[in-house]
file upload.pdb (PDB, C-alpha atoms and all ligand atoms)
ATOM      1  CA  MET A   1      35.190-228.183 218.382  1.00  0.00           C
ATOM      2  CA  LYS A   2      32.206-226.168 219.637  1.00  0.00           C
ATOM      3  CA  LYS A   3      29.541-224.954 217.287  1.00  0.00           C
ATOM      4  CA  VAL A   4      26.446-222.834 217.824  1.00  0.00           C
ATOM      5  CA  LYS A   5      23.419-224.639 216.479  1.00  0.00           C
ATOM      6  CA  LYS A   6      20.622-222.329 215.333  1.00  0.00           C
ATOM      7  CA  ILE A   7      17.133-223.740 215.652  1.00  0.00           C
ATOM      8  CA  ILE A   8      13.768-222.448 214.475  1.00  0.00           C
ATOM      9  CA  LYS A   9      10.907-224.235 216.186  1.00  0.00           C
ATOM     10  CA  VAL A  10       7.581-224.393 214.388  1.00  0.00           C
ATOM     11  CA  ASP A  11       4.308-224.691 216.280  1.00  0.00           C
ATOM     12  CA  VAL A  12       2.067-225.518 213.322  1.00  0.00           C
ATOM     13  CA  GLU A  13      -1.109-225.039 215.332  1.00  0.00           C
ATOM     14  CA  LYS A  14      -0.288-221.323 215.768  1.00  0.00           C
ATOM     15  CA  CYS A  15       0.209-220.635 212.051  1.00  0.00           C
ATOM     16  CA  THR A  16      -2.591-218.543 210.529  1.00  0.00           C
ATOM     17  CA  GLY A  17      -1.210-218.574 206.976  1.00  0.00           C
ATOM     18  CA  CYS A  18      -0.638-214.780 207.085  1.00  0.00           C
ATOM     19  CA  ARG A  19       2.566-215.161 204.976  1.00  0.00           C
ATOM     20  CA  ALA A  20       4.354-212.271 206.737  1.00  0.00           C
ATOM     21  CA  CYS A  21       7.361-214.613 206.982  1.00  0.00           C
ATOM     22  CA  GLU A  22       7.480-215.031 203.176  1.00  0.00           C
ATOM     23  CA  ILE A  23       7.420-211.260 202.638  1.00  0.00           C
ATOM     24  CA  ALA A  24      10.099-210.606 205.268  1.00  0.00           C
ATOM     25  CA  CYS A  25      12.439-213.347 204.005  1.00  0.00           C
ATOM     26  CA  SER A  26      12.255-212.247 200.378  1.00  0.00           C
ATOM     27  CA  ALA A  27      12.746-208.572 201.313  1.00  0.00           C
ATOM     28  CA  PHE A  28      15.777-209.339 203.489  1.00  0.00           C
ATOM     29  CA  HIS A  29      17.396-211.329 200.675  1.00  0.00           C
ATOM     30  CA  ALA A  30      16.657-208.742 197.981  1.00  0.00           C
ATOM     31  CA  ALA A  31      19.565-206.741 196.545  1.00  0.00           C
ATOM     32  CA  PRO A  32      19.714-204.105 197.919  1.00  0.00           C
ATOM     33  CA  LYS A  33      18.141-205.393 201.147  1.00  0.00           C
ATOM     34  CA  PHE A  34      14.428-204.546 201.602  1.00  0.00           C
ATOM     35  CA  SER A  35      14.225-202.933 198.142  1.00  0.00           C
ATOM     36  CA  VAL A  36      11.506-205.371 197.031  1.00  0.00           C
ATOM     37  CA  ALA A  37       9.397-208.208 198.440  1.00  0.00           C
ATOM     38  CA  ASN A  38       8.439-211.204 196.332  1.00  0.00           C
ATOM     39  CA  PRO A  39       7.277-214.381 198.109  1.00  0.00           C
ATOM     40  CA  ALA A  40       8.373-216.435 195.071  1.00  0.00           C
ATOM     41  CA  ARG A  41      11.939-215.621 196.183  1.00  0.00           C
ATOM     42  CA  SER A  42      11.320-216.512 199.831  1.00  0.00           C
ATOM     43  CA  ARG A  43      13.230-219.299 201.533  1.00  0.00           C
ATOM     44  CA  ILE A  44      10.194-220.096 203.638  1.00  0.00           C
ATOM     45  CA  ARG A  45       6.868-220.940 201.981  1.00  0.00           C
ATOM     46  CA  VAL A  46       3.619-221.535 203.815  1.00  0.00           C
ATOM     47  CA  TYR A  47       1.619-224.473 202.571  1.00  0.00           C
ATOM     48  CA  ALA A  48      -2.066-223.571 202.935  1.00  0.00           C
ATOM     49  CA  ASN A  49      -5.142-225.718 202.648  1.00  0.00           C
ATOM     50  CA  GLU A  50      -8.169-223.756 203.805  1.00  0.00           C
ATOM     51  CA  LEU A  51     -10.462-226.769 203.409  1.00  0.00           C
ATOM     52  CA  THR A  52      -8.579-228.651 206.086  1.00  0.00           C
ATOM     53  CA  ASN A  53      -7.595-225.532 208.045  1.00  0.00           C
ATOM     54  CA  THR A  54      -3.951-226.502 207.567  1.00  0.00           C
ATOM     55  CA  TRP A  55      -1.020-224.059 207.312  1.00  0.00           C
ATOM     56  CA  VAL A  56       2.488-225.419 207.469  1.00  0.00           C
ATOM     57  CA  PRO A  57       5.627-223.268 207.047  1.00  0.00           C
ATOM     58  CA  VAL A  58       8.263-225.157 205.013  1.00  0.00           C
ATOM     59  CA  PHE A  59      11.900-223.989 204.895  1.00  0.00           C
ATOM     60  CA  ALA A  60      14.122-224.215 201.807  1.00  0.00           C
ATOM     61  CA  SER A  61      16.767-226.852 202.434  1.00  0.00           C
ATOM     62  CA  GLU A  62      19.429-228.499 200.266  1.00  0.00           C
ATOM     63  CA  PHE A  63      19.670-228.373 196.482  1.00  0.00           C
ATOM     64  CA  THR A  64      19.257-231.796 194.900  1.00  0.00           C
ATOM     65  CA  GLU A  65      20.098-232.719 191.309  1.00  0.00           C
ATOM     66  CA  ALA A  66      17.519-235.504 191.085  1.00  0.00           C
ATOM     67  CA  GLU A  67      14.031-236.099 192.415  1.00  0.00           C
ATOM     68  CA  CYS A  68      13.432-238.895 194.937  1.00  0.00           C
ATOM     69  CA  SER A  69      12.874-242.357 193.505  1.00  0.00           C
ATOM     70  CA  GLY A  70       9.644-242.648 195.516  1.00  0.00           C
ATOM     71  CA  HIS A  71       7.211-239.955 196.668  1.00  0.00           C
ATOM     72  CA  ARG A  72       5.278-239.662 199.905  1.00  0.00           C
ATOM     73  CA  VAL A  73       1.671-238.587 200.413  1.00  0.00           C
ATOM     74  CA  TYR A  74       0.425-237.336 203.792  1.00  0.00           C
ATOM     75  CA  THR A  75      -3.172-237.365 205.022  1.00  0.00           C
ATOM     76  CA  ILE A  76      -4.091-234.537 207.413  1.00  0.00           C
ATOM     77  CA  ASN A  77      -7.563-234.031 208.867  1.00  0.00           C
ATOM     78  CA  GLY A  78      -8.798-236.755 206.543  1.00  0.00           C
ATOM     79  CA  ARG A  79      -7.493-235.188 203.303  1.00  0.00           C
ATOM     80  CA  GLU A  80      -4.555-236.275 201.224  1.00  0.00           C
ATOM     81  CA  GLN A  81      -1.974-233.533 200.647  1.00  0.00           C
ATOM     82  CA  GLY A  82      -0.035-233.131 197.426  1.00  0.00           C
ATOM     83  CA  GLU A  83       3.134-235.131 196.822  1.00  0.00           C
ATOM     84  CA  CYS A  84       6.298-233.472 198.122  1.00  0.00           C
ATOM     85  CA  THR A  85       4.253-230.760 199.893  1.00  0.00           C
ATOM     86  CA  PHE A  86       6.315-230.665 203.067  1.00  0.00           C
ATOM     87  CA  CYS A  87       9.744-231.214 201.492  1.00  0.00           C
ATOM     88  CA  GLY A  88      12.187-228.287 201.576  1.00  0.00           C
ATOM     89  CA  ALA A  89      14.476-229.370 198.737  1.00  0.00           C
ATOM     90  CA  SER A  90      15.191-227.312 195.654  1.00  0.00           C
ATOM     91  CA  CYS A  91      14.559-230.196 193.285  1.00  0.00           C
ATOM     92  CA  PRO A  92      14.009-230.686 189.514  1.00  0.00           C
ATOM     93  CA  TRP A  93      10.564-232.164 190.271  1.00  0.00           C
ATOM     94  CA  ARG A  94       9.028-228.728 190.911  1.00  0.00           C
ATOM     95  CA  ASP A  95       9.601-224.953 190.735  1.00  0.00           C
ATOM     96  CA  LEU A  96       9.524-224.306 194.498  1.00  0.00           C
ATOM     97  CA  PHE A  97      12.612-222.825 196.156  1.00  0.00           C
ATOM     98  CA  LYS A  98      14.156-221.594 192.924  1.00  0.00           C
ATOM     99  CA  GLU A  99      14.845-218.008 191.860  1.00  0.00           C
ATOM    100  CA  PRO A 100      11.937-217.325 189.462  1.00  0.00           C
ATOM    101  CA  ASP A 101      14.131-215.624 186.815  1.00  0.00           C
ATOM    102  CA  SER A 102      17.324-217.683 186.858  1.00  0.00           C
ATOM    103  CA  GLY A 103      16.104-220.998 188.281  1.00  0.00           C
ATOM    104  CA  LEU A 104      18.970-220.906 190.793  1.00  0.00           C
ATOM    105  CA  PRO A 105      18.316-222.845 194.001  1.00  0.00           C
ATOM    106  CA  LEU A 106      17.263-221.021 197.175  1.00  0.00           C
ATOM    107  CA  LYS A 107      18.229-222.226 200.632  1.00  0.00           C
ATOM    108  CA  CYS A 108      17.446-220.902 204.122  1.00  0.00           C
ATOM    109  CA  ASP A 109      20.667-219.396 205.498  1.00  0.00           C
ATOM    110  CA  MET A 110      19.163-218.465 208.874  1.00  0.00           C
ATOM    111  CA  CYS A 111      19.471-214.801 207.793  1.00  0.00           C
ATOM    112  CA  GLU A 112      23.239-214.776 208.227  1.00  0.00           C
ATOM    113  CA  ASP A 113      24.379-211.183 208.339  1.00  0.00           C
ATOM    114  CA  ASP A 114      27.174-209.008 209.651  1.00  0.00           C
ATOM    115  CA  PRO A 115      26.498-207.988 212.390  1.00  0.00           C
ATOM    116  CA  SER A 116      24.363-211.022 213.285  1.00  0.00           C
ATOM    117  CA  LEU A 117      20.659-210.551 213.753  1.00  0.00           C
ATOM    118  CA  LYS A 118      19.106-211.184 217.149  1.00  0.00           C
ATOM    119  CA  GLU A 119      16.571-213.441 215.429  1.00  0.00           C
ATOM    120  CA  PRO A 120      15.972-214.429 211.786  1.00  0.00           C
ATOM    121  CA  TRP A 121      13.448-212.192 210.008  1.00  0.00           C
ATOM    122  CA  CYS A 122      10.745-214.818 209.603  1.00  0.00           C
ATOM    123  CA  VAL A 123      10.748-215.295 213.390  1.00  0.00           C
ATOM    124  CA  GLN A 124      10.726-211.537 214.070  1.00  0.00           C
ATOM    125  CA  VAL A 125       7.584-210.952 211.994  1.00  0.00           C
ATOM    126  CA  CYS A 126       5.668-214.036 213.114  1.00  0.00           C
ATOM    127  CA  ALA A 127       3.413-212.192 215.541  1.00  0.00           C
ATOM    128  CA  LEU A 128       1.510-215.204 216.840  1.00  0.00           C
ATOM    129  CA  GLY A 129       4.576-217.157 217.893  1.00  0.00           C
ATOM    130  CA  CYS A 130       4.306-220.011 215.388  1.00  0.00           C
ATOM    131  CA  LEU A 131       8.045-219.579 214.790  1.00  0.00           C
ATOM    132  CA  THR A 132      10.464-219.282 217.702  1.00  0.00           C
ATOM    133  CA  TYR A 133      14.241-219.149 217.668  1.00  0.00           C
ATOM    134  CA  GLU A 134      16.850-220.634 219.962  1.00  0.00           C
ATOM    135  CA  THR A 135      20.542-221.376 219.873  1.00  0.00           C
ATOM    136  CA  LYS A 136      22.491-224.121 221.555  1.00  0.00           C
ATOM    137  CA  GLU A 137      26.199-224.760 221.748  1.00  0.00           C
ATOM    138  CA  GLU A 138      27.312-228.293 221.018  1.00  0.00           C
ATOM    139  CA  GLU A 139      30.480-230.282 220.470  1.00  0.00           C
ATOM    140  CA  VAL A 140      30.908-231.415 216.846  1.00  0.00           C
ATOM    141  CA  GLU A 141      33.546-233.209 214.758  1.00  0.00           C
ATOM    142  CA  GLU A 142      35.685-231.051 212.461  1.00  0.00           C
ATOM    143  CA  GLU A 143      33.466-230.444 209.425  1.00  0.00           C
ATOM    144  CA  GLU A 144      34.429-230.858 205.784  1.00  0.00           C
ATOM    145  CA  GLU A 145      33.967-227.581 203.955  1.00  0.00           C
ATOM    146  CA  LYS A 146      30.632-227.650 202.086  1.00  0.00           C
ATOM    147  CA  PRO A 147      30.038-225.793 198.802  1.00  0.00           C
ATOM    148  CA  GLY A 148      28.604-222.318 199.399  1.00  0.00           C
ATOM    149  CA  GLU A 149      25.490-220.800 197.815  1.00  0.00           C
ATOM    150  CA  MET A 150      27.528-219.234 194.995  1.00  0.00           C
ATOM    151  CA  GLU A 151      29.278-222.525 194.069  1.00  0.00           C
ATOM    152  CA  ILE A 152      25.982-224.407 194.047  1.00  0.00           C
ATOM    153  CA  GLY A 153      24.437-221.646 191.913  1.00  0.00           C
ATOM    154  CA  LEU A 154      27.331-221.667 189.429  1.00  0.00           C
ATOM    155  CA  ASP A 155      27.229-225.452 189.199  1.00  0.00           C
ATOM    156  CA  THR A 156      23.474-225.257 188.423  1.00  0.00           C
ATOM    157  CA  LEU A 157      24.054-222.641 185.701  1.00  0.00           C
ATOM    158  CA  VAL A 158      26.866-224.687 184.127  1.00  0.00           C
ATOM    159  CA  LYS A 159      24.649-227.795 184.055  1.00  0.00           C
ATOM    160  CA  LYS A 160      21.805-225.792 182.494  1.00  0.00           C
ATOM    161  CA  TYR A 161      23.666-223.677 179.921  1.00  0.00           C
ATOM    162  CA  GLY A 162      27.124-225.284 179.588  1.00  0.00           C
ATOM    163  CA  LEU A 163      30.473-223.983 180.863  1.00  0.00           C
ATOM    164  CA  LYS A 164      31.301-222.017 177.701  1.00  0.00           C
ATOM    165  CA  THR A 165      28.043-220.009 177.719  1.00  0.00           C
ATOM    166  CA  VAL A 166      28.426-219.203 181.425  1.00  0.00           C
ATOM    167  CA  ALA A 167      32.094-218.207 180.990  1.00  0.00           C
ATOM    168  CA  ASP A 168      31.266-216.062 177.910  1.00  0.00           C
ATOM    169  CA  THR A 169      28.435-214.337 179.806  1.00  0.00           C
ATOM    170  CA  VAL A 170      30.667-213.558 182.797  1.00  0.00           C
ATOM    171  CA  ALA A 171      33.383-212.232 180.442  1.00  0.00           C
ATOM    172  CA  ARG A 172      30.803-210.030 178.648  1.00  0.00           C
ATOM    173  CA  MET A 173      29.453-208.700 181.970  1.00  0.00           C
ATOM    174  CA  THR A 174      32.973-207.974 183.226  1.00  0.00           C
ATOM    175  CA  LYS A 175      33.790-206.128 180.044  1.00  0.00           C
ATOM    176  CA  GLY A 176      30.595-204.121 180.390  1.00  0.00           C
ATOM    177  CA  GLY A 177      31.612-203.117 183.916  1.00  0.00           C
ATOM    178  CA  ASN A 178      28.654-204.923 185.614  1.00  0.00           C
TER     179      ASN A 178
HETATM  180  S1  LIG B   1       4.366-215.344 209.813  1.00  0.00           S
HETATM  181 FE1  LIG B   1       4.013-217.037 211.244  1.00  0.00          FE
HETATM  182  S2  LIG B   1       1.764-217.221 211.337  1.00  0.00           S
HETATM  183 FE2  LIG B   1       2.243-216.020 209.498  1.00  0.00          FE
HETATM  184  S3  LIG B   1       2.372-217.564 207.859  1.00  0.00           S
HETATM  185 FE3  LIG B   1       4.464-217.259 208.619  1.00  0.00          FE
HETATM  186  S4  LIG B   1       4.710-218.880 210.163  1.00  0.00           S
HETATM  187 FE4  LIG B   1       2.519-218.691 209.786  1.00  0.00          FE
HETATM  188  S1  LIG B   2      10.500-232.256 196.081  1.00  0.00           S
HETATM  189 FE1  LIG B   2      11.528-233.334 197.760  1.00  0.00          FE
HETATM  190  S2  LIG B   2      10.294-235.157 198.178  1.00  0.00           S
HETATM  191 FE2  LIG B   2       9.715-234.371 196.162  1.00  0.00          FE
HETATM  192  S3  LIG B   2      10.982-235.507 194.707  1.00  0.00           S
HETATM  193 FE3  LIG B   2      12.076-233.592 195.177  1.00  0.00          FE
HETATM  194  S4  LIG B   2      13.431-234.097 196.885  1.00  0.00           S
HETATM  195 FE4  LIG B   2      11.913-235.756 196.740  1.00  0.00          FE
HETATM  196  S1  LIG B   3      15.629-217.931 208.693  1.00  0.00           S
HETATM  197 FE1  LIG B   3      15.950-216.180 207.294  1.00  0.00          FE
HETATM  198  S2  LIG B   3      16.547-217.203 205.379  1.00  0.00           S
HETATM  199 FE2  LIG B   3      15.589-218.757 206.626  1.00  0.00          FE
HETATM  200  S3  LIG B   3      13.449-218.726 206.027  1.00  0.00           S
HETATM  201 FE3  LIG B   3      13.640-217.411 207.829  1.00  0.00          FE
HETATM  202  S4  LIG B   3      13.881-215.362 206.967  1.00  0.00           S
HETATM  203 FE4  LIG B   3      14.319-216.814 205.318  1.00  0.00          FE
END

call {"tool": "encode", "arguments": {"input": "upload.pdb", "output": "structure tokens"}}
result
Amino acid sequence: MKKVKKIIKVDVEKCTGCRACEIACSAFHAAPKFSVANPARSRIRVYANELTNTWVPVFASEFTEAECSGHRVYTINGREQGECTFCGASCPWRDLFKEPDSGLPLKCDMCEDDPSLKEPWCVQVCALGCLTYETKEEEVEEEEEKPGEMEIGLDTLVKKYGLKTVADTVARMTKGGN
């Protein structure tokens, strides 16, 4: 079967650390859309180290239940960077790529929308061309259905609070008409 692969290319040398991408991503994913911007809710975060003149956009990737058994440390321009700095996982090791209020995992969804956007928002606002977007059609095997964002979020809540508390809360909200 044919599938359209969506690719964001990152030219790290063009990144100025302006963080427009963080603002745009969080605003697009706000409910309602563009009602508020909060980089802590962004699915792209820009790692910045002004001492080494290093800015690296990192995209939120898969949720993981456990941290890695070993960590990696990178040296750039002669300085060691923090552990896990360039990892995109929503992981128990750190608070990055989690909804600040609920702790639910965040993941880049390429700004899926209906109708589709010409380009994801982070790419649209990246004025200096650090981020560029392209699509390519490729033949792939039939895919197993993966859990969606809502299933992953519910699973996280159940693990954190227990099934009964989550079910009681949903029942209370339903009763209240929310
Ligand atoms: S908008 Fe572009 S240049 Fe600005 S921080 Fe994001 S990736 Fe870097
Ligand atoms: S943040 Fe990433 S690299 Fe670090 S422990 Fe978690 S999954 Fe591993
Ligand atoms: S592609 Fe969309 S969801 Fe992903 S980081 Fe960019 S703005 Fe956020």

call {"tool": "residues_around", "arguments": {"input": "upload.pdb", "residues": "Lys6 in chain A", "least_positions_apart": "5", "cutoff": "8 Å", "atoms": "all atoms listed in the file", "output": "list in words"}}
result
Met110, Tyr133, Glu134, Thr135 and Lys136 of chain A

call {"tool": "resolve_selection", "arguments": {"input": "upload.pdb", "expression": "the PyMOL selection byres (((chain A and resi 38-40) around 7) and not hetatm)", "output": "PyMOL selection string"}}
result
chain A and resi 22-23+26+36-37+41-42+100

call {"tool": "write_last_selection", "arguments": {"input": "upload.pdb", "atoms": "C-alpha atoms", "output": "mmCIF file, in the frame of the given file"}}
result
data_model
loop_
_atom_site.group_PDB
_atom_site.id
_atom_site.type_symbol
_atom_site.label_atom_id
_atom_site.label_comp_id
_atom_site.auth_asym_id
_atom_site.auth_seq_id
_atom_site.Cartn_x
_atom_site.Cartn_y
_atom_site.Cartn_z
ATOM 1 C CA GLU A 22 7.480 -215.031 203.176
ATOM 2 C CA ILE A 23 7.420 -211.260 202.638
ATOM 3 C CA SER A 26 12.255 -212.247 200.378
ATOM 4 C CA VAL A 36 11.506 -205.371 197.031
ATOM 5 C CA ALA A 37 9.397 -208.208 198.440
ATOM 6 C CA ARG A 41 11.939 -215.621 196.183
ATOM 7 C CA SER A 42 11.320 -216.512 199.831
ATOM 8 C CA PRO A 100 11.937 -217.325 189.462
#

call {"tool": "resolve_selection", "arguments": {"input": "upload.pdb", "expression": "the PyMOL selection byres (((chain A and resi 118-127) around 10) and not hetatm)", "output": "PyMOL selection string"}}
result
chain A and resi 6+8-10+14-16+18-28+42-44+109-113+115-117+128-135

call {"tool": "atom_distance", "arguments": {"input": "upload.pdb", "atom1": "CA of Arg94 in chain A", "atom2": "CA of Glu65 in chain A"}}
result
11.8 Å

call {"tool": "closest_residue", "arguments": {"input": "upload.pdb", "among": "A:Phe34, A:Tyr161, A:Phe63, A:Phe86", "to": "Tyr47 in chain A", "atoms": "only C-alpha atoms"}}
result
A:Phe86

call {"tool": "closest_atom_pairs", "arguments": {"input": "upload.pdb", "of": "chain A", "to": "ligand LIG 2 (chain B)", "cutoff": "8 Å", "atoms": "only C-alpha atoms and all ligand atoms", "output": "Markdown table"}}
result
| residue | atom | partner | partner_atom | distance |
| --- | --- | --- | --- | --- |
| A:Thr64 | CA | B:LIG2 | S4 | 6.6 |
| A:Ala66 | CA | B:LIG2 | FE3 | 7.1 |
| A:Glu67 | CA | B:LIG2 | S3 | 3.9 |
| A:Cys68 | CA | B:LIG2 | FE4 | 3.9 |
| A:Ser69 | CA | B:LIG2 | S3 | 7.2 |
| A:Gly70 | CA | B:LIG2 | S3 | 7.3 |
| A:His71 | CA | B:LIG2 | S2 | 5.9 |
| A:Arg72 | CA | B:LIG2 | S2 | 7.0 |
| A:Glu83 | CA | B:LIG2 | FE2 | 6.7 |
| A:Cys84 | CA | B:LIG2 | FE2 | 4.0 |
| A:Thr85 | CA | B:LIG2 | S1 | 7.5 |
| A:Phe86 | CA | B:LIG2 | S2 | 7.7 |
| A:Cys87 | CA | B:LIG2 | FE1 | 4.6 |
| A:Gly88 | CA | B:LIG2 | FE1 | 6.4 |
| A:Ala89 | CA | B:LIG2 | FE1 | 5.0 |
| A:Ser90 | CA | B:LIG2 | S1 | 6.8 |
| A:Cys91 | CA | B:LIG2 | FE3 | 4.6 |
| A:Pro92 | CA | B:LIG2 | FE3 | 6.7 |
| A:Trp93 | CA | B:LIG2 | FE3 | 5.3 |
| A:Arg94 | CA | B:LIG2 | S1 | 6.4 |

call {"tool": "closest_residue", "arguments": {"input": "upload.pdb", "among": "A:Leu163, A:Val140, A:Met173, A:Cys108", "to": "Ile7 in chain A", "atoms": "only C-alpha atoms"}}
result
A:Cys108

call {"tool": "atom_distance", "arguments": {"input": "upload.pdb", "atom1": "atom S3 of ligand LIG 1 (chain B)", "atom2": "CA of Val58 in chain A"}}
result
10.0 Å

call {"tool": "atom_distance", "arguments": {"input": "upload.pdb", "atom1": "CA of Val73 in chain A", "atom2": "CA of Asn49 in chain A"}}
result
14.7 Å

call {"tool": "resolve_selection", "arguments": {"input": "upload.pdb", "expression": "the PyMOL selection byres (((chain A and resi 156) around 10) and not hetatm)", "output": "PyMOL selection string"}}
result
chain A and resi 63+65+102-105+150-155+157-162

call {"tool": "residues_near_point", "arguments": {"input": "upload.pdb", "point": "(6.7, -223.3, 207.5)", "cutoff": "7 Å", "atoms": "all atoms listed in the file", "output": "list in words"}}
result
Ile44, Arg45, Val46, Val56, Pro57, Val58 and Phe59 of chain A

call {"tool": "write_last_selection", "arguments": {"input": "upload.pdb", "atoms": "C-alpha atoms", "output": "CSV table (one decimal), in the coordinates of the input"}}
result
chain,number,residue,atom,x,y,z
A,44,ILE,CA,10.2,-220.1,203.6
A,45,ARG,CA,6.9,-220.9,202.0
A,46,VAL,CA,3.6,-221.5,203.8
A,56,VAL,CA,2.5,-225.4,207.5
A,57,PRO,CA,5.6,-223.3,207.0
A,58,VAL,CA,8.3,-225.2,205.0
A,59,PHE,CA,11.9,-224.0,204.9

call {"tool": "axis_aligned_box", "arguments": {"input": "upload.pdb", "around": "range 112-127 of chain A", "padding_each_side": "4 Å", "output": "JSON"}}
result
{"center_x": 15.3, "center_y": -211.6, "center_z": 212.7, "size_x": 31.8, "size_y": 15.3, "size_z": 16.9}

call {"tool": "closest_residue", "arguments": {"input": "upload.pdb", "among": "A:Lys98, A:Arg172, A:His29, A:Lys164", "to": "ligand LIG 3 (chain B)", "atoms": "only C-alpha atoms and all ligand atoms"}}
result
A:His29

call {"tool": "closest_residue", "arguments": {"input": "upload.pdb", "among": "A:Gly148, A:Ile76, A:Ala171, A:Ala30", "to": "ligand LIG 3 (chain B)", "atoms": "all atoms listed in the file"}}
result
A:Ala30
